[in-house]
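Heads up, run30.txt below (compact mmCIF, C-alpha atoms):
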```
# COMPACT_ATOMS: atom_id res chain seq x y z
CA PRO A 1 -126.95 -52.04 -157.72
CA PRO A 2 -123.46 -53.41 -158.50
CA LEU A 3 -120.66 -50.93 -159.07
CA PRO A 4 -119.83 -50.29 -162.74
CA ARG A 5 -116.74 -51.96 -164.15
CA CYS A 6 -113.62 -49.79 -163.80
CA THR A 7 -113.14 -48.80 -167.45
CA SER A 8 -109.86 -46.96 -166.73
CA LEU A 9 -108.06 -50.28 -166.19
CA PRO A 10 -108.82 -52.27 -169.37
CA LEU A 11 -105.57 -54.22 -169.45
CA LEU A 12 -105.85 -55.57 -165.91
CA PRO A 13 -107.01 -59.11 -165.05
CA ALA A 14 -110.75 -59.61 -164.90
CA THR A 15 -110.94 -61.71 -161.71
CA MET A 16 -109.87 -60.96 -158.17
CA ASP A 17 -107.80 -64.13 -158.02
CA SER A 18 -105.76 -63.32 -161.14
CA ALA A 19 -105.42 -59.69 -160.05
CA LEU A 20 -104.01 -60.88 -156.74
CA ARG A 21 -101.46 -63.09 -158.50
CA GLU A 22 -100.25 -60.17 -160.56
CA PHE A 23 -100.28 -57.87 -157.52
CA LYS A 24 -98.01 -60.33 -155.70
CA ALA A 25 -95.65 -60.31 -158.69
CA GLN A 26 -95.42 -56.51 -158.53
CA LEU A 27 -94.76 -56.67 -154.77
CA LYS A 28 -91.78 -58.92 -155.41
CA LEU A 29 -90.39 -56.35 -157.80
CA LEU A 30 -90.92 -53.62 -155.22
CA GLU A 31 -89.28 -55.64 -152.47
CA ALA A 32 -86.19 -55.76 -154.67
CA ASN A 33 -86.45 -52.11 -155.67
CA PRO A 34 -89.00 -49.90 -153.82
CA ALA A 35 -88.30 -47.09 -156.27
CA ASN A 36 -89.50 -49.10 -159.28
CA GLY A 37 -91.98 -46.58 -160.64
CA LYS A 38 -93.61 -48.95 -163.12
CA ALA A 39 -94.20 -51.59 -160.48
CA LEU A 40 -95.53 -48.98 -158.04
CA SER A 41 -98.05 -47.72 -160.56
CA LYS A 42 -99.17 -51.15 -161.65
CA ALA A 43 -99.46 -52.41 -158.06
CA ALA A 44 -101.62 -49.40 -157.15
CA ASP A 45 -103.92 -50.05 -160.13
CA LEU A 46 -104.21 -53.74 -159.30
CA LEU A 47 -104.99 -53.03 -155.66
CA THR A 48 -107.71 -50.61 -156.72
CA GLN A 49 -109.30 -53.25 -158.93
CA ILE A 50 -109.13 -55.88 -156.18
CA LYS A 51 -110.84 -53.55 -153.72
CA ILE A 52 -113.59 -52.69 -156.22
CA GLN A 53 -114.27 -56.39 -156.69
CA MET A 54 -114.24 -57.03 -152.93
CA ILE A 55 -116.86 -54.31 -152.38
CA GLN A 56 -119.21 -56.15 -154.73
CA ILE A 57 -118.99 -59.44 -152.83
CA ASN A 58 -121.31 -60.31 -149.96
CA PHE A 59 -119.03 -62.82 -148.24
CA PRO A 60 -121.55 -64.26 -145.72
CA ALA A 61 -124.09 -64.72 -148.51
CA GLU A 62 -121.49 -66.45 -150.71
CA LEU A 63 -120.64 -68.81 -147.85
CA LYS A 64 -124.29 -69.66 -147.38
CA ALA A 65 -124.99 -70.21 -151.06
CA ASN A 66 -121.87 -72.24 -151.86
CA ARG A 67 -119.54 -72.89 -148.95
CA GLN A 68 -116.59 -74.02 -151.04
CA ARG A 69 -116.76 -71.02 -153.36
CA GLY A 70 -117.34 -68.69 -150.40
CA LYS A 71 -114.23 -69.98 -148.64
CA GLN A 72 -112.20 -69.52 -151.82
CA LEU A 73 -113.36 -65.91 -152.15
CA LEU A 74 -112.64 -65.23 -148.47
CA THR A 75 -109.15 -66.71 -148.74
CA VAL A 76 -108.30 -64.58 -151.77
CA ALA A 77 -109.73 -61.42 -150.19
CA ARG A 78 -107.87 -62.02 -146.92
CA GLU A 79 -104.57 -62.52 -148.70
CA ALA A 80 -105.19 -59.43 -150.82
CA LEU A 81 -105.55 -57.33 -147.65
CA GLU A 82 -102.45 -58.91 -146.14
CA ARG A 83 -100.46 -58.10 -149.27
CA ALA A 84 -101.97 -54.61 -149.29
CA THR A 85 -100.58 -54.15 -145.78
CA PHE A 86 -97.11 -54.99 -147.08
CA TYR A 87 -97.61 -52.60 -149.99
CA SER A 88 -98.50 -49.79 -147.56
CA ILE A 89 -95.16 -50.27 -145.82
CA ILE A 90 -93.26 -50.24 -149.11
CA VAL A 91 -94.84 -46.91 -150.08
CA LYS A 92 -94.61 -45.65 -146.47
CA ASP A 93 -98.31 -44.88 -146.24
CA ILE A 94 -99.20 -45.24 -142.57
CA ASP A 95 -102.84 -44.28 -143.03
CA SER A 96 -103.45 -47.06 -145.54
CA PHE A 97 -101.42 -49.44 -143.37
CA THR A 98 -103.75 -48.90 -140.41
CA ARG A 99 -106.82 -49.28 -142.64
CA HIS A 100 -105.59 -52.55 -144.11
CA ILE A 101 -104.66 -53.86 -140.67
CA ALA A 102 -108.18 -53.14 -139.40
CA GLN A 103 -109.75 -54.76 -142.45
CA VAL A 104 -107.67 -57.93 -142.42
CA LYS A 105 -108.13 -58.35 -138.66
CA SER A 106 -111.88 -58.47 -139.26
CA PHE A 107 -111.28 -61.46 -141.55
CA TYR A 108 -109.16 -63.14 -138.87
CA ILE A 109 -111.92 -62.70 -136.31
CA ASP A 110 -115.18 -62.94 -138.26
CA PHE A 111 -114.24 -65.92 -140.40
CA SER A 112 -111.89 -67.79 -138.06
CA SER A 113 -114.22 -70.82 -138.01
CA ASP A 114 -114.52 -70.88 -141.80
CA LEU A 115 -110.89 -70.58 -142.90
CA LEU A 116 -107.60 -72.16 -142.01
CA GLU A 117 -105.23 -69.74 -140.32
CA SER A 118 -103.24 -67.65 -142.75
CA GLU A 119 -99.50 -68.25 -142.88
CA ARG A 120 -99.08 -64.48 -142.86
CA LYS A 121 -101.28 -63.79 -139.83
CA LYS A 122 -98.51 -63.63 -137.24
CA THR A 123 -96.43 -61.39 -139.50
CA ILE A 124 -99.38 -59.02 -139.86
CA LEU A 125 -100.10 -58.99 -136.12
CA GLY A 126 -96.41 -58.47 -135.38
CA LEU A 127 -96.24 -55.55 -137.80
CA ASN A 128 -99.22 -54.00 -136.06
CA LEU A 129 -97.41 -54.32 -132.73
CA MET A 130 -94.32 -52.72 -134.25
CA TYR A 131 -96.42 -49.86 -135.59
CA LEU A 132 -97.90 -49.20 -132.15
CA LEU A 133 -94.43 -49.21 -130.56
CA ALA A 134 -92.92 -46.97 -133.22
CA TYR A 135 -95.61 -44.34 -132.73
CA GLY A 136 -95.60 -44.44 -128.93
CA ARG A 137 -99.02 -46.06 -128.52
CA LEU A 138 -97.97 -48.30 -125.67
CA SER A 139 -101.38 -48.82 -124.10
CA GLU A 140 -102.76 -50.02 -127.44
CA PHE A 141 -99.70 -52.24 -127.84
CA HIS A 142 -100.54 -54.05 -124.62
CA THR A 143 -104.22 -54.25 -125.52
CA GLU A 144 -103.40 -55.89 -128.85
CA LEU A 145 -100.87 -58.19 -127.22
CA GLU A 146 -103.49 -59.43 -124.76
CA LEU A 147 -105.60 -60.57 -127.71
CA ILE A 148 -102.83 -62.90 -128.89
CA PRO A 149 -102.82 -66.32 -127.16
CA VAL A 150 -99.81 -66.84 -124.89
CA GLU A 151 -98.59 -69.86 -126.84
CA GLU A 152 -98.51 -67.82 -130.06
CA ARG A 153 -96.30 -65.15 -128.52
CA LYS A 154 -93.31 -67.46 -128.87
CA ASP A 155 -93.48 -67.11 -132.63
CA ILE A 156 -90.61 -64.94 -133.88
CA TYR A 157 -92.96 -62.45 -135.56
CA ILE A 158 -94.68 -61.82 -132.22
CA SER A 159 -91.77 -62.35 -129.84
CA TYR A 160 -89.66 -59.78 -131.70
CA PRO A 161 -91.89 -56.74 -130.93
CA ILE A 162 -92.28 -58.08 -127.39
CA GLU A 163 -88.51 -58.04 -126.97
CA VAL A 164 -88.26 -54.55 -128.48
CA GLU A 165 -90.86 -53.31 -126.01
CA GLN A 166 -89.02 -54.95 -123.11
CA ARG A 167 -85.74 -53.30 -124.11
CA LEU A 168 -87.52 -49.95 -124.25
CA MET A 169 -88.95 -50.46 -120.78
CA GLU A 170 -85.47 -51.33 -119.51
CA GLY A 171 -84.06 -48.22 -121.12
CA SER A 172 -81.63 -50.32 -123.15
CA TYR A 173 -81.44 -47.98 -126.12
CA SER A 174 -78.30 -49.59 -127.51
CA LYS A 175 -80.02 -52.99 -127.46
CA VAL A 176 -83.04 -51.56 -129.26
CA ARG A 177 -80.73 -50.23 -131.92
CA ALA A 178 -78.94 -53.58 -132.17
CA LEU A 179 -82.25 -55.34 -132.74
CA ARG A 180 -82.53 -53.60 -136.11
CA GLY A 181 -80.08 -56.18 -137.40
CA THR A 182 -82.23 -59.14 -136.40
CA VAL A 183 -85.66 -58.24 -137.79
CA PRO A 184 -87.71 -61.35 -138.68
CA SER A 185 -88.93 -59.67 -141.87
CA ASN A 186 -87.64 -56.76 -143.90
CA TYR A 187 -91.03 -55.13 -143.45
CA TYR A 188 -90.21 -54.71 -139.75
CA THR A 189 -87.23 -52.52 -140.61
CA PHE A 190 -89.43 -49.55 -141.50
CA PHE A 191 -90.94 -49.46 -138.01
CA MET A 192 -87.62 -50.14 -136.29
CA ASN A 193 -86.07 -47.17 -138.09
CA THR A 194 -89.06 -45.04 -137.12
CA LEU A 195 -88.80 -46.19 -133.52
CA VAL A 196 -85.08 -45.45 -133.24
CA THR A 197 -85.60 -42.02 -134.81
CA THR A 198 -88.45 -41.25 -132.41
CA VAL A 199 -86.40 -42.25 -129.39
CA ARG A 200 -83.45 -40.18 -130.64
CA GLU A 201 -85.68 -37.12 -130.97
CA ARG A 202 -87.00 -37.54 -127.43
CA ILE A 203 -83.48 -37.86 -126.07
CA SER A 204 -82.51 -34.75 -128.02
CA GLU A 205 -85.37 -32.85 -126.38
CA CYS A 206 -84.27 -33.97 -122.92
CA SER A 207 -80.65 -33.07 -123.67
CA MET A 208 -81.62 -29.54 -124.70
CA LYS A 209 -83.51 -29.05 -121.45
CA ALA A 210 -80.86 -30.61 -119.23
CA TYR A 211 -77.59 -29.25 -120.60
CA GLU A 212 -76.28 -25.95 -121.84
CA SER A 213 -73.97 -27.75 -124.25
CA MET A 214 -72.49 -31.17 -124.84
CA PRO A 215 -69.18 -32.50 -126.19
CA VAL A 216 -69.47 -34.03 -129.65
CA SER A 217 -68.08 -37.35 -128.42
CA GLU A 218 -70.78 -37.62 -125.75
CA GLY A 219 -73.48 -36.49 -128.17
CA LYS A 220 -72.66 -39.33 -130.55
CA LYS A 221 -72.79 -41.86 -127.72
CA LEU A 222 -76.03 -40.57 -126.29
CA LEU A 223 -77.80 -40.29 -129.65
CA GLN A 224 -76.27 -43.50 -131.03
CA LEU A 225 -74.84 -41.76 -134.10
CA GLU A 226 -71.78 -43.46 -135.51
CA THR A 227 -70.02 -40.57 -137.25
CA ASP A 228 -69.45 -36.84 -136.95
CA GLN A 229 -71.28 -36.39 -140.26
CA LYS A 230 -74.43 -38.09 -138.98
CA LEU A 231 -74.27 -35.98 -135.85
CA LYS A 232 -73.90 -32.85 -137.98
CA GLU A 233 -76.95 -33.81 -140.03
CA HIS A 234 -78.95 -34.35 -136.85
CA ALA A 235 -77.67 -31.06 -135.45
CA ASP A 236 -78.57 -29.14 -138.62
CA LYS A 237 -82.08 -30.59 -138.55
CA ASN A 238 -82.54 -29.40 -134.97
CA GLY A 239 -80.88 -26.02 -135.44
CA TRP A 240 -77.89 -26.79 -133.27
CA ASP A 241 -74.38 -25.37 -133.69
CA ILE A 242 -71.19 -27.41 -133.42
CA LYS A 243 -68.12 -25.39 -132.49
CA ASN A 244 -64.80 -26.58 -131.12
CA GLN A 245 -66.10 -30.15 -130.81
CA THR A 246 -69.02 -28.96 -128.67
CA ILE A 247 -72.75 -28.98 -129.42
CA PHE A 248 -74.72 -25.81 -128.63
CA TRP A 249 -78.51 -26.05 -128.71
CA ASN A 250 -79.35 -22.41 -129.52
CA ASN A 251 -82.40 -22.52 -127.25
CA GLU A 252 -81.89 -19.25 -125.40
CA GLY A 253 -84.28 -18.32 -122.67
CA GLU A 254 -84.74 -21.83 -121.31
CA THR A 255 -83.44 -22.80 -117.90
CA GLN A 256 -80.62 -25.27 -118.25
CA LEU A 257 -78.18 -27.10 -116.04
CA GLU A 258 -74.44 -26.76 -116.34
CA LEU A 259 -72.71 -30.10 -116.00
CA LYS A 260 -69.10 -30.98 -116.46
CA SER A 261 -68.37 -33.14 -119.47
CA GLN A 262 -67.19 -36.04 -117.32
CA ASP A 263 -70.59 -36.08 -115.65
CA LEU A 264 -72.30 -36.67 -118.98
CA VAL A 265 -71.12 -40.25 -119.19
CA LYS A 266 -72.77 -40.99 -115.86
CA GLU A 267 -75.93 -39.26 -117.00
CA ASN A 268 -76.27 -41.48 -120.09
CA LEU A 269 -77.79 -44.27 -118.04
CA ALA A 270 -80.26 -41.86 -116.48
CA PHE A 271 -81.38 -40.76 -119.93
CA ALA A 272 -81.83 -44.34 -121.04
CA THR A 273 -84.03 -45.20 -118.09
CA GLU A 274 -86.34 -42.37 -119.09
CA LEU A 275 -87.19 -43.98 -122.41
CA GLU A 276 -90.38 -45.57 -121.16
CA ARG A 277 -91.66 -42.15 -120.23
CA ILE A 278 -90.53 -40.22 -123.27
CA VAL A 279 -91.22 -42.63 -126.15
```

Starting from the coordinates I provided, produce the structure as structure tokens.
Amino acid sequence: PPLPRCTSLPLLPATMDSALREFKAQLKLLEANPANGKALSKAADLLTQIKIQMIQINFPAELKANRQRGKQLLTVAREALERATFYSIIVKDIDSFTRHIAQVKSFYIDFSSDLLESERKKTILGLNLMYLLAYGRLSEFHTELELIPVEERKDIYISYPIEVEQRLMEGSYSKVRALRGTVPSNYYTFFMNTLVTTVRERISECSMKAYESMPVSEGKKLLQLETDQKLKEHADKNGWDIKNQTIFWNNEGETQLELKSQDLVKENLAFATELERIV
């Protein structure tokens, strides 16, 4: 039997198409101000209504009964899931992001012969690649990349994560960081920030195991932190002490190497080349 109408949302649009239009309007507000509480609440309610309506639709049956109407429903549902993916990034909900990615990819695959390609498809696929990079799932990254035709990899939304991955494999941490300023979409920034933070944490772990201490100047270079304040915040988070312009890890009991400060500059390159292994 069909699901009952959601009585808790009486003021929302009655159709999936109109709900999607209003959901898109709320996303624009959130893109301008992610902390807009009213827009966040309304967008969440709209997305819930859209999903309830999608559950009640048998898309293959609609296509068979009335192809034009079926294609219209599929197009609206596909865009709703694409926009839901963007919403997940705005609210920083990785679990819902991965669910929406999986759902919208099924539309790309299962109904590819019924619908024109979405103008947002490459953005969605690129965001999925960025997610896999940011969370260190390199094997899945390459699996997903293999599913994308070679000619489509030249598109900026796909070529960008490819370049990020190449810089990681080269150990060019500074270039990875610089790429944050050239994201093809603001939605990519979330994953780039996550990626840079992840890499910084891995380098911190290696530094603690390799050195007894480190000069502040070298720590900022190695961790790509621009100011003493940012280094202090990173140190506080990791339980480090900074005394006399030197970082002490406070990890007693671990075997460490003692290296002269001038050797640290030479070791920076060695750390960078380890990124493929530690990300």

So which residues touch Asn36 (chain A) within 12 Å, counting all atoms listed in the file, skipping near sequence neighbours fewer than 5 positions away, as a ChimeraX atom specification? /A:26-31,41-43,90-91

In Å, how far is it from CA of Glu140 (chain A) to CA of Asp114 (chain A)?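 Distance between the two atoms: 27.9 Å.
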
Kindly provide the residues of region 7-85 of chain A that approach region 120-128 of chain A to within 12 Å, each paired with its closest atom pair and their distance in Å to one decimal, based on only C-alpha atoms, listed by chain and increasing number, as a Markdown table.
```
| residue | atom | partner | partner_atom | distance |
| --- | --- | --- | --- | --- |
| A:Thr75 | CA | A:Arg120 | CA | 11.9 |
| A:Arg78 | CA | A:Lys121 | CA | 9.8 |
| A:Glu79 | CA | A:Arg120 | CA | 8.3 |
| A:Ala80 | CA | A:Arg120 | CA | 11.2 |
| A:Leu81 | CA | A:Ile124 | CA | 10.1 |
| A:Glu82 | CA | A:Ile124 | CA | 7.0 |
| A:Arg83 | CA | A:Arg120 | CA | 9.1 |
| A:Ala84 | CA | A:Ile124 | CA | 10.7 |
| A:Thr85 | CA | A:Ile124 | CA | 7.8 |
```

From the list A:Ser174, A:Gln56, A:Thr189, A:Gln245, which residue is nearest Tyr160 (chain A) when using all atoms listed in the file?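 Among the listed residues, the smallest separation from Tyr160 (chain A) belongs to A:Thr189.
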
Name the residues in contact with Pro161 (chain A) at a cut-off of 10 Å, using all atoms listed in the file, excluding same-chain residues fewer than 3 positions from it; report them as a list in words.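 Surrounding residues, per the criterion: Leu125, Gly126, Leu127, Asn128, Leu129, Met130, Tyr131, Leu132, Leu133, Phe141, Leu145, Arg153, Ile156, Tyr157, Ile158, Val164, Glu165, Gln166, Arg167, Leu179, Val183, Pro184, Tyr188 and Met192 of chain A.
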
Between A:Glu205, A:Thr246, A:Lys105, A:Leu46, which has the minimum distance to Glu218 (chain A) (counting all atoms listed in the file)?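 Counting all atoms listed in the file, the residue closest to Glu218 (chain A) is A:Thr246.
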
Point-to-point distance in Å for CA of Arg200 (chain A) and CA of Leu223 (chain A): 5.7 Å

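Closest approach to Phe191 (chain A) from the set A:Tyr211, A:Phe97, A:Phe107, A:Phe248 is made by A:Phe97, with distances taken over all atoms listed in the file.
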
Could you check how far CA of Glu170 (chain A) sits from CA of Thr143 (chain A), in Å to one decimal? 19.9 Å

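Closest approach to Gln49 (chain A) among A:Ala19, A:Leu74, A:Thr198, A:Ala61 is made by A:Ala19 (distances from only C-alpha atoms).
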
Calculated over only C-alpha atoms, which of the candidates A:Ala102, A:Gly219, A:Thr15, A:Thr227 has the smallest distance to Leu73 (chain A)? A:Thr15

If the box runs along x, y and z of the file and leaves 8 Å on each side of region 187-205 of chain A, what are its centre and edge lengths in Å, one decimal, as AutoDock Vina command-line options?
```
--center_x -86.8 --center_y -44.0 --center_z -134.8 --size_x 24.5 --size_y 38.3 --size_z 33.4
```
